[in-house]
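Structure, as structure tokens:
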Amino acid sequence: MPDPIASYRSKASRMSSINFVKENKEVIVAEGANLRLKALENDIDLYKLKGKLMNCGGYGQCGTCIVEVVTGMDNLSSRTEVENRKLKKKSQTFRLACQTLVEGPVSIKTKP
């Protein structure tokens with residue numbers, strides 16, 4: 001039987017990159033990192049005025065951390081049901097940063 005802890009450590013030790021297009025900034029992250037958390041940790045502003053005043057703190061309830069995936073859609077976790085509801089009228093390239101896990105290199109446009 002495979003060791004789940006060894007598998008977790010192996011995945012956590014693999015690194016990936018997020019290229020924030022508008023900010024011209026690349027952030028190196030561990031695979032499986034939450035897109036919203038890594039953006040905020042690296043001083044990338046995800047929110048327009050309404051989101052700055054009313055964001056839900058990353059629980060997917062407000063829908064204000066919308067980003068557009070420029071490249072690398074296959075390197076992100078699948079859309080959640082929350083995203084499907086909040087983004088039903090948006091392009092498939094739009095994601096909620098709080099619901100998105102980075103599993104490989106991606107390019108992201110903030111505040112699309």
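Residues in the structure tokens are numbered from 1 in each chain, the chains being A, B, ... in the order shown, and ligands are numbered from 1 in the order shown.
Taking segment 59-101 of chain A and asking which residues DSSP calls strand (DSSP E or B) on the backbone, you get Ile66, Val67, Glu68, Val69, Val70, Thr71, Leu76, Phe94, Arg95, Leu96 and Leu101 of chain A.
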Need the shell around Val106 of chain A: protein/DNA/RNA residues with any atom at most 10 Å away, counting only C-alpha atoms. Skip same-chain ones fewer than 4 positions apart. Format as a PyMOL selection string? chain A and resi 16-20+26+69-76+102
What's the 6 Å shell around Leu35 of chain A, counting only C-alpha atoms, without same-chain residues fewer than 4 positions away, as a list of chain:residue names? A:Ala97, A:Thr100, A:Leu101
Excluding Gly51 of chain A and any residue of its chain fewer than 4 positions from it, enumerate the residues within 6 Å of it, using only C-alpha atoms, and give them as a VMD selection string. chain A and resid 47 55 64
Just write the chosen residues, all heavy atoms, as a PDB file, in the first residue's frame.
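Full text of selection33.pdb as output:
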ATOM      1  N   TYR A  47      -8.517  42.584  -5.914  1.00  0.00           N
ATOM      2  CA  TYR A  47      -9.852  43.138  -5.740  1.00  0.00           C
ATOM      3  C   TYR A  47     -10.034  44.535  -6.306  1.00  0.00           C
ATOM      4  O   TYR A  47      -9.188  45.407  -6.119  1.00  0.00           O
ATOM      5  CB  TYR A  47     -10.195  43.181  -4.247  1.00  0.00           C
ATOM      6  CG  TYR A  47     -10.196  41.823  -3.609  1.00  0.00           C
ATOM      7  CD1 TYR A  47      -9.156  41.427  -2.777  1.00  0.00           C
ATOM      8  CD2 TYR A  47     -11.235  40.933  -3.838  1.00  0.00           C
ATOM      9  CE1 TYR A  47      -9.154  40.176  -2.182  1.00  0.00           C
ATOM     10  CE2 TYR A  47     -11.243  39.687  -3.252  1.00  0.00           C
ATOM     11  CZ  TYR A  47     -10.192  39.313  -2.424  1.00  0.00           C
ATOM     12  OH  TYR A  47     -10.208  38.073  -1.851  1.00  0.00           O
ATOM     13  N   ASN A  55     -15.115  41.621   0.435  1.00  0.00           N
ATOM     14  CA  ASN A  55     -14.718  40.250   0.121  1.00  0.00           C
ATOM     15  C   ASN A  55     -14.960  39.335   1.312  1.00  0.00           C
ATOM     16  O   ASN A  55     -14.947  39.751   2.459  1.00  0.00           O
ATOM     17  CB  ASN A  55     -13.291  40.179  -0.417  1.00  0.00           C
ATOM     18  CG  ASN A  55     -12.235  40.246   0.649  1.00  0.00           C
ATOM     19  OD1 ASN A  55     -12.048  39.302   1.397  1.00  0.00           O
ATOM     20  ND2 ASN A  55     -11.533  41.368   0.702  1.00  0.00           N
ATOM     21  N   THR A  64     -15.692  38.037  -5.690  1.00  0.00           N
ATOM     22  CA  THR A  64     -14.964  39.252  -6.061  1.00  0.00           C
ATOM     23  C   THR A  64     -13.498  39.017  -6.411  1.00  0.00           C
ATOM     24  O   THR A  64     -12.822  39.946  -6.848  1.00  0.00           O
ATOM     25  CB  THR A  64     -15.051  40.310  -4.947  1.00  0.00           C
ATOM     26  OG1 THR A  64     -14.485  39.777  -3.748  1.00  0.00           O
ATOM     27  CG2 THR A  64     -16.489  40.748  -4.710  1.00  0.00           C
TER      28      THR A  64
END
Need the shell around segment 60-62 of chain A: protein/DNA/RNA residues with any atom at most 12 Å away, counting only C-alpha atoms. Skip same-chain ones fewer than 4 positions apart. Format as an MDAnalysis selection string? chainID A and resid 36 47 50:56 66 79:87 95:100
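Nearest residue to Ser107 of chain A, choosing from A:Asn34, A:Lys48, A:Thr93, A:Lys88 and counting only C-alpha atoms: A:Thr93.
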Could you tell me which of A:Gly57, A:Ile44, A:Glu103, A:Ser77 comes closest to Lys22 of chain A if we count only C-alpha atoms? A:Ile44
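Of the residues listed (A:Glu41, A:Val27, A:Val21, A:Gly32), A:Val21 shows the shortest atom-to-atom separation from Thr110 of chain A; distances use only C-alpha atoms.
Put simply, atom CA of Phe94 of chain A is 8.5 Å away from atom CA of Pro112 of chain A.
Picture a line from atom CA of Glu23 of chain A to atom CA of Ala39 of chain A; it runs 10.8 Å.
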Give the alpha helix (DSSP H) residues of segment 4-73 of chain A, as DSSP finds them on the backbone, and put them as a VMD selection string. chain A and resid 4 to 13 35 to 41 49 to 54
Have a look at A:Leu40, A:Met15, A:Ser78, A:Asn24 and name the one nearest to Cys65 of chain A; count only C-alpha atoms. A:Leu40
